[in-house]
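Undergrad: For reference, the file input-v4.tsv (TSV, C-alpha atoms) is included below:
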chain	number	residue	atom	x	y	z
A	1	MET	CA	98.71	104.03	122.06
A	2	SER	CA	95.56	103.49	120.03
A	3	LEU	CA	96.02	103.78	116.28
A	4	ARG	CA	93.23	104.20	113.78
A	5	VAL	CA	92.57	105.13	110.18
A	6	ILE	CA	91.32	108.72	110.15
A	7	ALA	CA	89.61	109.11	106.76
A	8	GLY	CA	88.70	107.35	103.54
A	9	THR	CA	87.45	103.86	102.82
A	10	ALA	CA	88.88	102.35	106.02
A	11	ARG	CA	87.90	105.28	108.25
A	12	GLY	CA	87.61	104.40	111.92
A	13	ARG	CA	89.31	101.00	111.66
A	14	LYS	CA	91.65	100.36	114.56
A	15	LEU	CA	95.20	99.27	113.82
A	16	LYS	CA	97.35	96.96	115.89
A	17	SER	CA	100.46	98.45	117.51
A	18	VAL	CA	103.91	96.92	117.62
A	19	PRO	CA	104.80	96.09	121.24
A	20	GLY	CA	107.85	97.76	122.74
A	21	ASN	CA	109.65	100.80	121.40
A	22	SER	CA	111.13	99.44	118.16
A	23	THR	CA	108.74	101.60	116.11
A	24	ARG	CA	107.64	105.23	116.33
A	25	PRO	CA	103.90	105.39	115.63
A	26	ILE	CA	102.59	108.72	114.42
A	27	MET	CA	100.00	110.40	116.63
A	28	ASP	CA	96.57	110.78	115.06
A	29	ARG	CA	96.65	114.59	115.16
A	30	VAL	CA	100.01	114.64	113.36
A	31	LYS	CA	98.79	112.13	110.77
A	32	GLU	CA	95.63	114.18	110.25
A	33	ALA	CA	97.71	117.34	109.79
A	34	LEU	CA	100.05	115.58	107.35
A	35	PHE	CA	97.22	114.40	105.13
A	36	SER	CA	95.53	117.78	105.34
A	37	ILE	CA	98.75	119.30	103.95
A	38	LEU	CA	99.02	116.66	101.19
A	39	GLY	CA	95.32	117.05	100.39
A	40	SER	CA	93.61	115.43	97.44
A	41	PHE	CA	96.94	114.89	95.67
A	42	VAL	CA	97.26	111.59	97.56
A	43	ALA	CA	94.51	110.09	95.38
A	44	ASN	CA	95.98	107.87	92.64
A	45	SER	CA	99.52	108.38	93.95
A	46	ARG	CA	102.33	105.90	94.61
A	47	PHE	CA	103.36	106.02	98.27
A	48	LEU	CA	106.48	104.62	99.97
A	49	ASP	CA	106.30	104.08	103.74
A	50	LEU	CA	110.02	103.52	104.18
A	51	PHE	CA	110.16	102.41	107.83
A	52	GLY	CA	106.75	100.74	107.76
A	53	GLY	CA	106.23	99.78	111.41
A	54	THR	CA	102.47	99.35	111.87
A	55	GLY	CA	101.84	100.69	108.37
A	56	SER	CA	99.72	103.52	109.75
A	57	VAL	CA	100.87	106.25	107.32
A	58	GLY	CA	100.85	104.12	104.16
A	59	ILE	CA	97.49	102.63	105.15
A	60	GLU	CA	96.09	106.13	105.62
A	61	ALA	CA	97.32	107.01	102.11
A	62	LEU	CA	95.63	103.91	100.68
A	63	SER	CA	92.42	104.63	102.55
A	64	ARG	CA	92.44	108.13	101.04
A	65	GLY	CA	92.77	106.76	97.51
A	66	ALA	CA	96.47	106.20	96.83
A	67	ALA	CA	96.81	103.79	93.92
A	68	HIS	CA	99.61	101.82	95.56
A	69	ALA	CA	101.73	101.79	98.71
A	70	THR	CA	105.02	100.02	99.30
A	71	PHE	CA	106.12	99.29	102.87
A	72	CYS	CA	109.69	98.46	103.90
A	73	GLU	CA	110.09	96.78	107.27
A	74	LEU	CA	112.79	94.48	108.60
A	75	ASP	CA	111.49	93.64	112.08
A	76	ARG	CA	109.60	90.31	111.98
A	77	VAL	CA	107.04	91.28	114.62
A	78	ALA	CA	106.31	94.61	112.93
A	79	LEU	CA	106.02	92.84	109.55
A	80	GLY	CA	103.32	90.54	110.90
A	81	ILE	CA	101.39	93.42	112.43
A	82	LEU	CA	101.72	95.51	109.28
A	83	ARG	CA	100.32	92.65	107.17
A	84	ASP	CA	97.48	92.10	109.69
A	85	ASN	CA	96.64	95.82	109.58
A	86	LEU	CA	96.50	95.79	105.78
A	87	GLN	CA	94.19	92.77	105.79
A	88	HIS	CA	92.01	94.24	108.54
A	89	THR	CA	91.54	97.46	106.54
A	90	GLN	CA	91.03	95.46	103.32
A	91	LEU	CA	93.70	97.54	101.58
A	92	ASP	CA	96.23	94.76	101.03
A	93	ASP	CA	95.32	94.42	97.33
A	94	ARG	CA	97.04	97.76	96.58
A	95	ALA	CA	100.00	97.23	98.89
A	96	GLU	CA	103.41	95.62	98.67
A	97	VAL	CA	105.14	94.69	101.92
A	98	LEU	CA	108.88	94.13	101.61
A	99	ALA	CA	110.92	92.44	104.32
A	100	ILE	CA	113.94	94.56	103.49
A	101	ASP	CA	116.23	97.04	105.15
A	102	ALA	CA	115.12	100.55	104.21
A	103	PHE	CA	118.67	101.55	103.33
A	104	ASP	CA	119.06	98.59	100.97
A	105	PHE	CA	115.79	99.59	99.30
A	106	LEU	CA	117.06	103.15	98.81
A	107	ARG	CA	120.17	101.80	97.05
A	108	ARG	CA	118.11	99.90	94.46
A	109	PRO	CA	117.70	101.33	90.98
A	110	ALA	CA	114.37	103.14	90.61
A	111	GLN	CA	111.66	101.20	88.78
A	112	THR	CA	108.59	103.42	88.87
A	113	PRO	CA	109.14	106.55	90.97
A	114	PHE	CA	107.03	107.28	94.02
A	115	ASP	CA	104.94	110.42	94.45
A	116	TYR	CA	105.52	110.40	98.21
A	117	ILE	CA	108.29	108.92	100.32
A	118	TYR	CA	107.66	108.92	104.08
A	119	ILE	CA	110.77	108.60	106.26
A	120	ALA	CA	110.11	107.98	109.97
A	121	PRO	CA	112.84	105.76	111.44
A	122	PRO	CA	113.48	105.16	115.16
A	123	GLN	CA	114.49	108.38	116.90
A	124	TYR	CA	117.91	109.69	117.90
A	125	LYS	CA	119.99	107.35	115.76
A	126	GLY	CA	120.58	109.62	112.77
A	127	LEU	CA	118.78	107.14	110.53
A	128	TRP	CA	116.64	109.85	108.91
A	129	LEU	CA	119.82	111.62	107.81
A	130	GLU	CA	121.28	108.44	106.34
A	131	ALA	CA	117.99	107.72	104.53
A	132	LEU	CA	117.79	111.23	103.08
A	133	LYS	CA	121.41	111.07	101.89
A	134	LEU	CA	120.74	107.72	100.18
A	135	LEU	CA	117.63	109.16	98.53
A	136	ASP	CA	119.72	112.12	97.39
A	137	ALA	CA	122.16	109.65	95.78
A	138	ASN	CA	119.24	107.90	94.05
A	139	PRO	CA	116.82	110.80	93.31
A	140	ASN	CA	114.83	108.96	90.65
A	141	LEU	CA	113.08	106.98	93.40
A	142	LEU	CA	110.94	110.12	93.81
A	143	ASP	CA	108.92	111.54	90.93
A	144	VAL	CA	110.09	114.94	89.74
A	145	ASP	CA	106.92	116.45	91.28
A	146	GLY	CA	107.09	114.21	94.35
A	147	ILE	CA	107.53	114.99	98.02
A	148	ALA	CA	109.75	113.34	100.61
A	149	ILE	CA	108.53	113.77	104.19
A	150	VAL	CA	110.78	113.23	107.19
A	151	GLN	CA	109.27	112.69	110.65
A	152	ILE	CA	111.72	113.44	113.45
A	153	HIS	CA	111.87	114.86	116.95
A	154	PRO	CA	112.66	118.61	116.60
A	155	ARG	CA	115.94	118.09	118.52
A	156	GLU	CA	117.12	115.74	115.76
A	157	LYS	CA	116.97	118.44	113.10
A	158	GLU	CA	120.28	119.54	111.67
A	159	THR	CA	121.49	121.33	108.60
A	160	ILE	CA	121.87	119.02	105.64
A	161	GLU	CA	123.36	119.71	102.22
A	162	LEU	CA	121.66	117.80	99.43
A	163	ALA	CA	122.43	117.86	95.71
A	164	HIS	CA	118.99	116.88	94.40
A	165	PHE	CA	116.55	117.89	97.14
A	166	ALA	CA	115.62	121.07	98.96
A	167	ALA	CA	113.55	121.55	102.10
A	168	TYR	CA	110.54	123.73	101.40
A	169	ASP	CA	108.37	123.46	104.52
A	170	GLU	CA	108.35	122.16	108.07
A	171	ARG	CA	105.59	121.80	110.63
A	172	ARG	CA	105.98	121.13	114.33
A	173	TYR	CA	103.37	119.33	116.40
A	174	GLY	CA	104.61	119.04	119.98
A	175	ASN	CA	107.60	116.69	119.90
A	176	THR	CA	107.10	115.76	116.24
A	177	LEU	CA	108.55	117.66	113.31
A	178	LEU	CA	107.40	116.99	109.75
A	179	TRP	CA	110.00	118.23	107.27
A	180	PHE	CA	109.07	118.40	103.58
A	181	PHE	CA	111.57	118.07	100.72
A	182	GLU	CA	111.13	118.43	96.97
A	183	ARG	CA	113.42	117.74	94.06
A	184	ARG	CA	115.49	120.69	92.94
A	185	ASP	CA	114.60	119.90	89.33
A	186	ALA	CA	110.86	120.08	90.13
A	187	PRO	CA	108.94	122.41	87.83
A	188	SER	CA	108.15	125.71	89.56
A	189	SER	CA	104.51	126.20	90.46
Go ahead and render the structure in this file as structure tokens.

TA:
Amino acid sequence: MSLRVIAGTARGRKLKSVPGNSTRPIMDRVKEALFSILGSFVANSRFLDLFGGTGSVGIEALSRGAAHATFCELDRVALGILRDNLQHTQLDDRAEVLAIDAFDFLRRPAQTPFDYIYIAPPQYKGLWLEALKLLDANPNLLDVDGIAIVQIHPREKETIELAHFAAYDERRYGNTLLWFFERRDAPSS
């Protein structure tokens, strides 16, 4: 699968893929749709790419003007590729790559909240559900106006009760579902 940056300062740059099936890269058309939905609000935002993999989503956010992106990735091979992709796109100066388990990161006390948290773990293991529950237990990781986005296969979707977050939109693109959550204490628009 060929990965590339779609828009912004690194537009057209190709990204390395992680060999094997340990990561779930986002298809270009899904990534393009995601950033079309998020729009210009990505500029100057703080972005968390929770299961970093190749870094494709966080790198796209940086290329489109995000002020900072944090990537969590535990796999050593994926970490190396993620760092290479950041250097190749020349976006590494606004990025932090953490060799940490995503669930451990979600348990940490919030420092500065993120505007966007992207959750796209390996499929069919219920990891998205565990991540969302941990975020719900630590809601201050996401800014009060922020958005958490879950990328799953549509068959993985199940009803979830959350104290601090509510689903407000979902979009399906073939075998990819993007599910959008906001904080319940978010100001109404």

Undergrad: Excluding A:Ala120 and its own-chain neighbours fewer than 4 positions away, which residues fall within 7 Å of it when counting all atoms listed in the file? Please give them as a compact mmCIF listing (two decimals) with C-alpha atoms, in the frame of the given file.

TA:
# COMPACT_ATOMS: atom_id res chain seq x y z
CA PHE A 51 110.16 102.41 107.83
CA TRP A 128 116.64 109.85 108.91
CA VAL A 150 110.78 113.23 107.19
CA GLN A 151 109.27 112.69 110.65
CA ILE A 152 111.72 113.44 113.45

Undergrad: Check the smallest atom-to-atom distance from each of A:Arg11, A:Arg76, A:His164, A:Arg184 to A:Asp101 using only C-alpha atoms, then report the winner.

TA: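 Under the stated criterion, the closest residue is A:Arg76.
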
Undergrad: Considering all atoms listed in the file, state which residue in the set A:Leu79, A:Leu34, A:Ala110, A:Ala69 is at the smallest distance from A:Trp179.

TA: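 Among A:Leu79, A:Leu34, A:Ala110, A:Ala69, it is A:Leu34 that comes nearest to A:Trp179.
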
Undergrad: Counting all atoms listed in the file, write as a list in words all protein and nucleic acid residues lying at most 9 Å from (98.3, 97.3, 119.2) in the file's frame.

TA: Met1, Ser2, Leu3, Lys14, Leu15, Lys16, Ser17, Val18, Pro19, Thr54 and Ile81 of chain A

Undergrad: Restricting the calculation to all atoms listed in the file: of A:Arg172, A:Arg83, A:Arg94, A:Arg108, which residue gets closest to A:Ala137?

TA: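 Nearest candidate to A:Ala137 out of A:Arg172, A:Arg83, A:Arg94, A:Arg108: A:Arg108.
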
Undergrad: What gap, in Å, lies between atom CA of A:Ile26 and atom CA of A:Asn140?

TA: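 That distance, rounded to one decimal, is 26.7 Å.
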
Undergrad: Hey, which of A:Leu50, A:Val57, A:Ala99, A:Val5 ends up closest to A:Val77? Count all atoms listed in the file.

TA: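 Using all atoms listed in the file, A:Val77 sits closest to A:Ala99.
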
Undergrad: Restricting the calculation to only C-alpha atoms, which member of A:Pro154, A:Leu141, A:Thr112, A:Leu162 is positioned closest to A:Thr176?

TA: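 Using only C-alpha atoms, A:Thr176 sits closest to A:Pro154.
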
Undergrad: Which distance in Å separates atom CA of A:Ser56 and atom CA of A:Val97, to one decimal?

TA: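 Those two atoms sit 13.0 Å apart.
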
Undergrad: Just how far from atom CA of A:Thr89 is atom CA of A:Arg13, in Å to one decimal?

TA: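 Between atom CA of A:Arg13 and atom CA of A:Thr89 the gap is 6.6 Å.
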
Undergrad: Under the rule that only C-alpha atoms are counted, which of A:Phe47, A:Phe181, A:Tyr118, A:Phe105 is the nearest residue to A:Ala166?

TA: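 Closest to A:Ala166 of all the choices is A:Phe181.
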
Undergrad: Would you list the residues near (117.7, 110.4, 95.2), meaning any protein, DNA or RNA residue with an atom at most 12 Å from that point in file coordinates, counting all atoms listed in the file, as a PyMOL selection string?

TA: chain A and resi 105-110+113-114+117+130-144+146-148+162-166+181-185

Undergrad: For A:Leu62, list every protein, DNA or RNA residue within 9 Å, evaluated using all atoms listed in the file, and leave out those in the same chain fewer than 3 positions away; present the list as a compact mmCIF listing (two decimals) with C-alpha atoms, in the frame of the given file.

TA:
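Final output, saved to around30.txt:
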# COMPACT_ATOMS: atom_id res chain seq x y z
CA GLY A 8 88.70 107.35 103.54
CA THR A 9 87.45 103.86 102.82
CA ALA A 10 88.88 102.35 106.02
CA VAL A 42 97.26 111.59 97.56
CA ALA A 43 94.51 110.09 95.38
CA ASN A 44 95.98 107.87 92.64
CA SER A 45 99.52 108.38 93.95
CA PHE A 47 103.36 106.02 98.27
CA VAL A 57 100.87 106.25 107.32
CA GLY A 58 100.85 104.12 104.16
CA ILE A 59 97.49 102.63 105.15
CA GLY A 65 92.77 106.76 97.51
CA ALA A 66 96.47 106.20 96.83
CA ALA A 67 96.81 103.79 93.92
CA HIS A 68 99.61 101.82 95.56
CA ALA A 69 101.73 101.79 98.71
CA LEU A 91 93.70 97.54 101.58
CA ARG A 94 97.04 97.76 96.58
CA ALA A 95 100.00 97.23 98.89

Undergrad: Provide an axis-aligned box for all listed atoms of stretch 154-171 of chain A, padding each side by 5 Å; report its centre and its edge lengths in Å to one decimal, as JSON.

TA:
{"center_x": 114.5, "center_y": 119.7, "center_z": 106.5, "size_x": 27.8, "size_y": 18.0, "size_z": 34.1}
